[in-house]
Amino acid sequence: MDKMNKKFFQVINNYRIYFLCSLVFIAMAIFVPNFLTVYNLTNILKGMSLNVMVAIGFTIVMICKELDLSIGTTLTLGAMFVIGFQPALGWGWSLLIAVLAGALVGLANGFLVARAKIDSFIVTLGTMTTVQGIIFLYGKGYALNATDFTVADWLETPIIPFLPPRVLITIVLVLLFQVLLARTRYGRGFYMVGANRETAWLAGLNTEGYVIVAFILSGITAALGGALFAMSLSSATPTIGTSSLMIVVAATIIGGTSMAGGKGSILGSAVAVLTLTILYNGLTNLGAGYEIQILASGLVLAMVVLYEAYALYRADKVKGQRPELLKEVRMLQEGSKGS
Amino acid sequence: MDLIPALQMKKVSKKFPGTMAVDNVDFEVYPGEVHALVGENGAGKSTLMKMLAGSFNDYTGQIYIDGKEVKLYSPAIAKANGIAMIYQELSLARPLTIAENVLVGRLPVRNKWFLDKKALIEETKACLKSVELDYLDPFTPVEEISQHEAQLVEIAKALGNNPRILVMDEPTSALSREEVERLFKIIGKLKQQGLAIVYISHHLTEIFQVADRVSVMRDGRKVGTLNITDVTQEELIEMMVGRSISQVNNAADRILGEVVLEVKNLSRYGFFHHISFCVRAGEILGIAGLAGAGRSELGRAISGVDPVDAGEIILAGRKIKVKNMAQALQYGIAYLTEDRKTQGLALRLTVEENLLAPLIPRHCKGFIYQKQIGTGIVKKLIDDLHISPPDPSRIVGNLSGGNQQKVLLGKWLATGPRVLILDEPTRGVDIGAKVTIHTAIEKLAAQGVAVILISSDIPELVRLSDRVLIMRKGHLLGEIPGKACTEEAVLLAINSEGEIAHAS
C-alpha cells in the first residue's frame, strides 16, 4: 500500500510538467473566450518556437551542471546577422553565418569553462556582455530590415493545420535532441558528466569535450532560433532576445532539469515553454499586460521551486527510517485507541 | 614464486608541489593474491593507487602489467589494461540509474547509436548478481538506495569491467558486519579466478582476515612487504607509525560525578524508540550498534538537529526541550557529526575560522564580531590537539583527514561543553591522529565532561568507554559494564538476534 502510494507519487512527480501543462491548457480553455480557435492555437505554437529552440541548448548545458547566460544575446546576434547579411549574400549564406556565429560564441564559452576551468556563470556573463557589444557595433543600435519577404511568408504559413514550417522545424529539433539525449550512449554521457564529473572522467569519458559540445549546441540553437524568428519578421532589433533569457531559465527549471546537474529532459523544457506561452497568451487575451505575464511566470517558477524544496525536505526527513519500527508505532497507536 | 606478477611497479615516484607523495616505491601483486596496503593518512597509499588508476600523466618509474611495460597516463588507458578501482568516497553519479552507473563508459548499444535497453538490464543484473544485489531494479536512481547498497553497487561496477587487477580503497567503511563477511566471500571467489587484488584499509583486523601479503608505507616510501602470517598487528602498527603504541583502558581510574544528562523514553518514530539512559560527569558512555541501528539519529535528536517525537531529556535535574543546535550549545550540549566534509567543517576556511565558528555569537559586542578574543583559544587548541601544521591561517581543506578531524573536535571543545556527543570521531583517520583524539577525549572526561561516544570502531569503544550501550534496529537492548566489556562481547551483542547476556 505504502509502496504503491510512493510509486504513484513518483510517477506524478516525474511527469509533473505534462500535468501542469494540461492543467493550464484546460483552465485557459474554460476561462478565456476565443482561446480554442485555430488562429489562437497556431499563434501559441508560433509564440513558443523561439524560446523552445533556445531551451534545447540551454537544457543540455544545465544537464552538464553549467549555466549559459549568453543565450539571450546570442539569439539576438543570430537575428541581426541573418537580416544584416541577407541583402548582400542571400538567405542561405546569411543563415549559415548566423549559426556559425552562435557556434563560435558557444565554443568560446565551452573552452573557457572546460579548459580554463572558469566558473560558467562568470564566463557566460562575460560573453553575454561581449556579444551585446558586438551587436551594437554591427547594427549601430538600429533595427535591421530584410529586402526579401518571401521567406517570412513561407515560414509562418501552416503547411499542415496548426503547423507552419518554423514550428515544424522546432518540433523536429526537440524530438531529435530528446532521442539523442535519452536514447544514445553519447547523449547519456552529458548526464554522467553533469551528475559526477570525476566518475565520468574515470570511466574514460571525454568530459571536457562534452562540456564544450554542450556550449556549442547551446550557441547554435540560440542563434538558429533567433535567426528563424528574425526571418519570420523580416527584421531584427538589438533587443529582440531580451525577455528570452529569463523565460528559458524559468522553463528549464519548471520542466524538471536540476541545477545540480544530471537530471532533466529536452521535452520537459519544451513543454514548460509551451506552458508559459499558453499562460501568457491566455492572460493577454484576458486583457492583462506584460507586467502581469512576468508576475505570473515568476509565481509559477516560485511554486515549482518551493515544491522541489519541500520534496527534498520530506525525502531527507524519512531517509533511513525503519519500516518495522513504524509498524510498531502504528500498532501502539491502534492499541491505545482500542483500550 | 616464479609466476609473472600481474602488476609490478618499479621505482615509481610522484611529486606534488613541495612534497614527494610517492618516493621510489617498488610494489607487485601476483595473480590470485590479495596484497594489503597499509599506512597512516598521507603516507602515499592513495597517491600510489591513483597512479595506477591513470590519474597522473607525470609519474616517473616503470609499471608492468603481466610483464609488459605500460604507461598509465589516463583513466582510459588504465581501464584498457584491466585495472579497476573501488573508491573510498563513493564515485557514483547519484541522480542516474544503477544500470547507467554500473555500465558507465560501456553502455550497450544497437544500430551503433541507440541504447539497447534489454542488454542494459541483463548486463546490470549479471553484475549485481556478483554482489548479491540482484533484487534491485536496474532503473532505480542511485540516490534512492541505501548507502551500503551503493557501496556494493560500486563494487559491482568495478567487477563488471572484468578486471585483471582490482584496487579496493577502504571498501568496508559503509558496510555492516554481515556485509563485510559477504564482501570477503566475494574476494575469495575473485582470488580463485586469478584476480590480483590490492586492498587498502585502516582496519587491521580485516587485513589479517583477507590478505596474503601486506606492504606498509610511511612518508611516501615503502617500509616493507611481509607475508601476513609472519607479522602481528602490533608489529604492523609499529611499522606504520615508527614507534610502539600502548593499548590500555584507563576507564578504571576515572572518578565519576553526578548524573549530567538523563534521557527517558526518547523516541523518534521510525528511527529509534523508547531509549532511556543516563550519563555522569567524567564518564565516557559508548554506544555500539550496526549501521542503521539508530545511534547517529539518537545523538542528533539529543543535540537538537533532528526532532524528537516523544520522551524527555533531563539536563542536570532540569527537564529541557532542545529545538535546535544553537539551543543545545547554550545548554552545553555539543554534537560532533560523523560526516566532517559536508556537515562538520567549512573546508575552504582557515583552521582559526573553523575553530571559532560556534563562538561567534559569544564573541560579539553588539553587532560587531571581536575576532581578537578568540586568538588565545585557537593557540591553545592547536597545541592541545597537536594540529599540524600548527598554523591557524591554513585552509582546512588542505590538511590531512586526521588533522581535519582534530579541528572538528577542537571546534566543539572551544564551546566548553558539559555533554559532548561524538559520532565516529576517528573514522578514516590514521593511527597517530587517533591516539591524539583518544587522549583529548580522556582528558575531557577527566575534566568532568560527560562524553557520549558513538562508534563503529569496536576496539575504540572498548578502550575508552566506562560502559557500552547496545543498540539494535532502533531499540536499546542493554548495556555492557566496563569490566565485562571486551571486543568479543560487544561484537556478539550488536550482531546476535536474541537478548544480550549483560543486559541490565
# chains A, B, ... in the order shown; residues from 1 in each chain; ligands from 1

call {"tool": "interface_residues", "arguments": {"of": "chain B", "to": "chain A", "cutoff": "9 Å", "atoms": "only C-alpha atoms", "output": "VMD selection string"}}
result
chain B and resid 53 to 55 74 to 77 79 91 to 96 100 to 101 104 to 109 112 to 116 146 269 to 273 292 294 306 473 to 474

call {"tool": "select_by_dssp", "arguments": {"residues": "region 108-262 of chain B", "states": "alpha helix (DSSP H)", "output": "ChimeraX atom specification"}}
result
/B:117-129,147-160,177-192,204-210,233-241

call {"tool": "select_by_dssp", "arguments": {"residues": "region 212-283 of chain B", "states": "strand (DSSP E or B)", "output": "JSON, numbers by chain"}}
result
{"B": [213, 214, 215, 216, 217, 218, 221, 222, 223, 224, 225, 226, 227, 259, 260, 261, 262, 263, 264, 265, 266, 267, 268, 272, 273, 274, 275, 276, 277, 278, 279, 280]}

call {"tool": "write_last_selection", "arguments": {"atoms": "C-alpha atoms", "output": "CSV table (one decimal), in the first residue's frame"}}
result
chain,number,residue,atom,x,y,z
B,213,ARG,CA,50.8,-10.2,2.0
B,214,VAL,CA,51.0,-6.7,3.4
B,215,SER,CA,53.0,-3.7,2.4
B,216,VAL,CA,53.5,-0.8,4.8
B,217,MET,CA,54.0,2.8,3.6
B,218,ARG,CA,55.2,5.7,5.6
B,221,ARG,CA,58.2,5.4,1.0
B,222,LYS,CA,57.6,1.7,1.4
B,223,VAL,CA,58.7,0.4,4.8
B,224,GLY,CA,58.5,-3.2,3.9
B,225,THR,CA,56.5,-6.1,2.5
B,226,LEU,CA,55.7,-9.2,4.6
B,227,ASN,CA,53.6,-12.4,4.5
B,259,VAL,CA,24.4,12.5,36.6
B,260,VAL,CA,24.6,15.3,34.0
B,261,LEU,CA,22.3,14.1,31.3
B,262,GLU,CA,19.4,11.7,31.5
B,263,VAL,CA,17.2,10.5,28.7
B,264,LYS,CA,13.8,9.0,29.4
B,265,ASN,CA,11.8,7.0,26.8
B,266,LEU,CA,13.1,9.1,24.0
B,267,SER,CA,11.6,8.2,20.6
B,268,ARG,CA,11.8,9.5,17.1
B,272,PHE,CA,14.7,4.8,17.5
B,273,HIS,CA,12.1,4.0,20.2
B,274,HIS,CA,11.9,4.2,24.0
B,275,ILE,CA,15.6,5.0,24.7
B,276,SER,CA,16.4,5.6,28.3
B,277,PHE,CA,19.9,6.1,29.8
B,278,CYS,CA,21.9,8.5,31.8
B,279,VAL,CA,25.5,9.7,31.7
B,280,ARG,CA,27.6,11.1,34.6

call {"tool": "atom_distance", "arguments": {"atom1": "CA of Leu290 (chain B)", "atom2": "CA of Arg177 (chain B)"}}
result
7.4 Å

call {"tool": "residues_around", "arguments": {"residues": "Gln233 (chain B)", "least_positions_apart": "5", "cutoff": "10 Å", "atoms": "only C-alpha atoms", "output": "list in words"}}
result
Leu204, Thr205, Ile207, Phe208, Ile228, Glu238 and Met239 of chain B

call {"tool": "write_last_selection", "arguments": {"atoms": "N, CA and C atoms", "output": "PDB file, in the first residue's frame"}}
result
ATOM      1  N   LEU B 204      42.925  -3.078  10.671  1.00  0.00           N
ATOM      2  CA  LEU B 204      43.969  -4.091  10.592  1.00  0.00           C
ATOM      3  C   LEU B 204      43.400  -5.496  10.761  1.00  0.00           C
ATOM      4  N   THR B 205      42.322  -5.624  11.568  1.00  0.00           N
ATOM      5  CA  THR B 205      41.732  -6.957  11.753  1.00  0.00           C
ATOM      6  C   THR B 205      41.259  -7.515  10.410  1.00  0.00           C
ATOM      7  N   ILE B 207      42.479  -6.860   7.543  1.00  0.00           N
ATOM      8  CA  ILE B 207      43.628  -7.222   6.725  1.00  0.00           C
ATOM      9  C   ILE B 207      44.130  -8.611   7.082  1.00  0.00           C
ATOM     10  N   PHE B 208      44.120  -8.909   8.385  1.00  0.00           N
ATOM     11  CA  PHE B 208      44.567 -10.235   8.781  1.00  0.00           C
ATOM     12  C   PHE B 208      43.602 -11.314   8.315  1.00  0.00           C
ATOM     13  N   ILE B 228      51.483 -12.184   5.560  1.00  0.00           N
ATOM     14  CA  ILE B 228      50.599 -11.818   6.664  1.00  0.00           C
ATOM     15  C   ILE B 228      50.811 -12.746   7.855  1.00  0.00           C
ATOM     16  N   GLU B 238      53.546  -0.627  14.574  1.00  0.00           N
ATOM     17  CA  GLU B 238      54.871  -0.030  14.796  1.00  0.00           C
ATOM     18  C   GLU B 238      55.514   0.395  13.494  1.00  0.00           C
ATOM     19  N   MET B 239      55.372  -0.483  12.472  1.00  0.00           N
ATOM     20  CA  MET B 239      55.939  -0.133  11.173  1.00  0.00           C
ATOM     21  C   MET B 239      55.265   1.095  10.585  1.00  0.00           C
TER      22      MET B 239
END

call {"tool": "residues_around", "arguments": {"residues": "region 60-66 of chain B", "least_positions_apart": "6", "cutoff": "8 Å", "atoms": "only C-alpha atoms", "output": "PyMOL selection string"}}
result
chain B and resi 4-14+24+72+81

call {"tool": "residues_around", "arguments": {"residues": "Val54 (chain A)", "least_positions_apart": "5", "cutoff": "7 Å", "atoms": "only C-alpha atoms", "output": "mmCIF file with C-alpha atoms, in the first residue's frame"}}
result
data_model
loop_
_atom_site.group_PDB
_atom_site.id
_atom_site.type_symbol
_atom_site.label_atom_id
_atom_site.label_comp_id
_atom_site.auth_asym_id
_atom_site.auth_seq_id
_atom_site.Cartn_x
_atom_site.Cartn_y
_atom_site.Cartn_z
ATOM 1 C CA THR A 221 20.277 26.534 -31.038
ATOM 2 C CA ALA A 222 20.143 30.081 -29.646
ATOM 3 C CA GLY A 225 16.201 30.216 -33.012
#

call {"tool": "atom_distance", "arguments": {"atom1": "CA of Phe56 (chain B)", "atom2": "CA of Val102 (chain B)"}}
result
24.0 Å

call {"tool": "atom_distance", "arguments": {"atom1": "CA of Asn14 (chain A)", "atom2": "CA of Asn51 (chain A)"}}
result
22.5 Å

call {"tool": "residues_around", "arguments": {"residues": "Ala281 (chain B)", "least_positions_apart": "6", "cutoff": "8 Å", "atoms": "only C-alpha atoms", "output": "list of chain:residue names"}}
result
B:Leu256, B:Gly257, B:Glu258, B:Val259, B:Val260, B:Arg418, B:Ala445, B:Gly448, B:Val449, B:Ala450

call {"tool": "residues_around", "arguments": {"residues": "Thr124 (chain A)", "least_positions_apart": "5", "cutoff": "10 Å", "atoms": "only C-alpha atoms", "output": "mmCIF file with C-alpha atoms, in the first residue's frame"}}
result
data_model
loop_
_atom_site.group_PDB
_atom_site.id
_atom_site.type_symbol
_atom_site.label_atom_id
_atom_site.label_comp_id
_atom_site.auth_asym_id
_atom_site.auth_seq_id
_atom_site.Cartn_x
_atom_site.Cartn_y
_atom_site.Cartn_z
ATOM 1 C CA GLU A 66 26.786 24.502 -16.110
ATOM 2 C CA LEU A 67 24.948 27.719 -16.919
ATOM 3 C CA ASP A 68 24.754 29.704 -20.154
ATOM 4 C CA LEU A 69 23.633 33.283 -19.565
ATOM 5 C CA SER A 70 24.720 34.327 -23.067
ATOM 6 C CA ILE A 71 21.759 32.675 -24.838
ATOM 7 C CA VAL A 105 30.194 32.050 -29.022
ATOM 8 C CA GLY A 106 29.466 28.543 -27.689
ATOM 9 C CA ALA A 108 34.429 30.374 -26.588
ATOM 10 C CA ASN A 109 32.169 29.644 -23.611
ATOM 11 C CA GLY A 110 32.937 25.944 -23.640
ATOM 12 C CA LEU A 112 36.831 28.933 -21.089
ATOM 13 C CA VAL A 113 34.685 26.734 -18.843
ATOM 14 C CA ILE A 118 36.480 29.313 -15.041
ATOM 15 C CA ASP A 119 33.034 29.238 -13.463
ATOM 16 C CA THR A 129 28.070 41.413 -22.483
ATOM 17 C CA THR A 130 30.697 40.992 -25.198
ATOM 18 C CA PHE A 215 28.048 25.030 -25.014
#

call {"tool": "closest_atom_pairs", "arguments": {"of": "region 173-280 of chain A", "to": "region 83-91 of chain A", "cutoff": "8 Å", "atoms": "only C-alpha atoms", "output": "tab-separated table"}}
result
residue	atom	partner	partner_atom	distance
A:Ala227	CA	A:Ile83	CA	7.9
A:Ala230	CA	A:Ile83	CA	7.0
A:Met231	CA	A:Ile83	CA	7.0
A:Ser234	CA	A:Ile83	CA	7.0
A:Ser235	CA	A:Ile83	CA	6.2
A:Ala236	CA	A:Ile83	CA	6.5

call {"tool": "decode", "arguments": {"residues": "region 87-157 of chain A", "atoms": "C-alpha atoms", "output": "short mmCIF file (atom, residue, chain, number, x, y, z; two decimals), in the first residue's frame"}}
result
data_model
loop_
_atom_site.label_atom_id
_atom_site.label_comp_id
_atom_site.auth_asym_id
_atom_site.auth_seq_id
_atom_site.Cartn_x
_atom_site.Cartn_y
_atom_site.Cartn_z
CA PRO A 87 20.72 41.81 -48.84
CA ALA A 88 24.30 41.09 -49.91
CA LEU A 89 24.54 37.28 -49.66
CA GLY A 90 21.00 35.85 -49.75
CA TRP A 91 19.21 33.81 -47.08
CA GLY A 92 21.28 30.63 -47.33
CA TRP A 93 24.66 32.20 -46.64
CA SER A 94 23.34 34.67 -44.08
CA LEU A 95 21.67 31.87 -42.11
CA LEU A 96 24.91 29.90 -42.17
CA ILE A 97 26.86 32.92 -40.92
CA ALA A 98 24.34 33.48 -38.12
CA VAL A 99 24.53 29.87 -36.95
CA LEU A 100 28.33 29.80 -37.18
CA ALA A 101 28.49 32.98 -35.09
CA GLY A 102 26.39 31.22 -32.44
CA ALA A 103 28.63 28.16 -32.57
CA LEU A 104 31.67 30.40 -32.14
CA VAL A 105 30.19 32.05 -29.02
CA GLY A 106 29.47 28.54 -27.69
CA LEU A 107 32.99 27.39 -28.47
CA ALA A 108 34.43 30.37 -26.59
CA ASN A 109 32.17 29.64 -23.61
CA GLY A 110 32.94 25.94 -23.64
CA PHE A 111 36.68 26.45 -23.96
CA LEU A 112 36.83 28.93 -21.09
CA VAL A 113 34.69 26.73 -18.84
CA ALA A 114 36.14 23.30 -19.66
CA ARG A 115 39.79 24.08 -20.37
CA ALA A 116 40.47 27.29 -18.46
CA LYS A 117 38.24 26.00 -15.61
CA ILE A 118 36.48 29.31 -15.04
CA ASP A 119 33.03 29.24 -13.46
CA SER A 120 30.40 29.18 -16.21
CA PHE A 121 28.33 31.87 -14.50
CA ILE A 122 31.23 34.33 -14.80
CA VAL A 123 32.28 33.20 -18.29
CA THR A 124 28.83 33.46 -19.84
CA LEU A 125 28.11 36.73 -18.05
CA GLY A 126 31.22 37.99 -19.84
CA THR A 127 30.31 36.61 -23.27
CA MET A 128 26.75 37.86 -22.81
CA THR A 129 28.07 41.41 -22.48
CA THR A 130 30.70 40.99 -25.20
CA VAL A 131 28.11 39.71 -27.67
CA GLN A 132 25.86 42.63 -26.72
CA GLY A 133 28.74 44.91 -27.64
CA ILE A 134 29.25 43.18 -31.00
CA ILE A 135 25.53 43.57 -31.75
CA PHE A 136 25.66 47.32 -31.14
CA LEU A 137 28.89 47.66 -33.10
CA TYR A 138 27.40 45.74 -36.01
CA GLY A 139 23.96 47.34 -36.10
CA LYS A 140 24.92 50.74 -34.62
CA GLY A 141 21.95 50.29 -32.31
CA TYR A 142 19.36 50.38 -35.10
CA ALA A 143 16.88 47.77 -36.22
CA LEU A 144 17.81 45.99 -39.48
CA ASN A 145 15.41 45.09 -42.28
CA ALA A 146 15.49 42.35 -44.89
CA THR A 147 14.91 43.06 -48.60
CA ASP A 148 13.31 39.70 -49.39
CA PHE A 149 9.96 38.96 -47.71
CA THR A 150 9.08 35.65 -49.34
CA VAL A 151 10.79 33.54 -46.67
CA ALA A 152 8.81 35.20 -43.89
CA ASP A 153 5.54 34.24 -45.56
CA TRP A 154 6.69 30.67 -46.13
CA LEU A 155 7.93 30.23 -42.53
CA GLU A 156 4.72 31.48 -40.96
CA THR A 157 2.03 29.85 -43.15
#
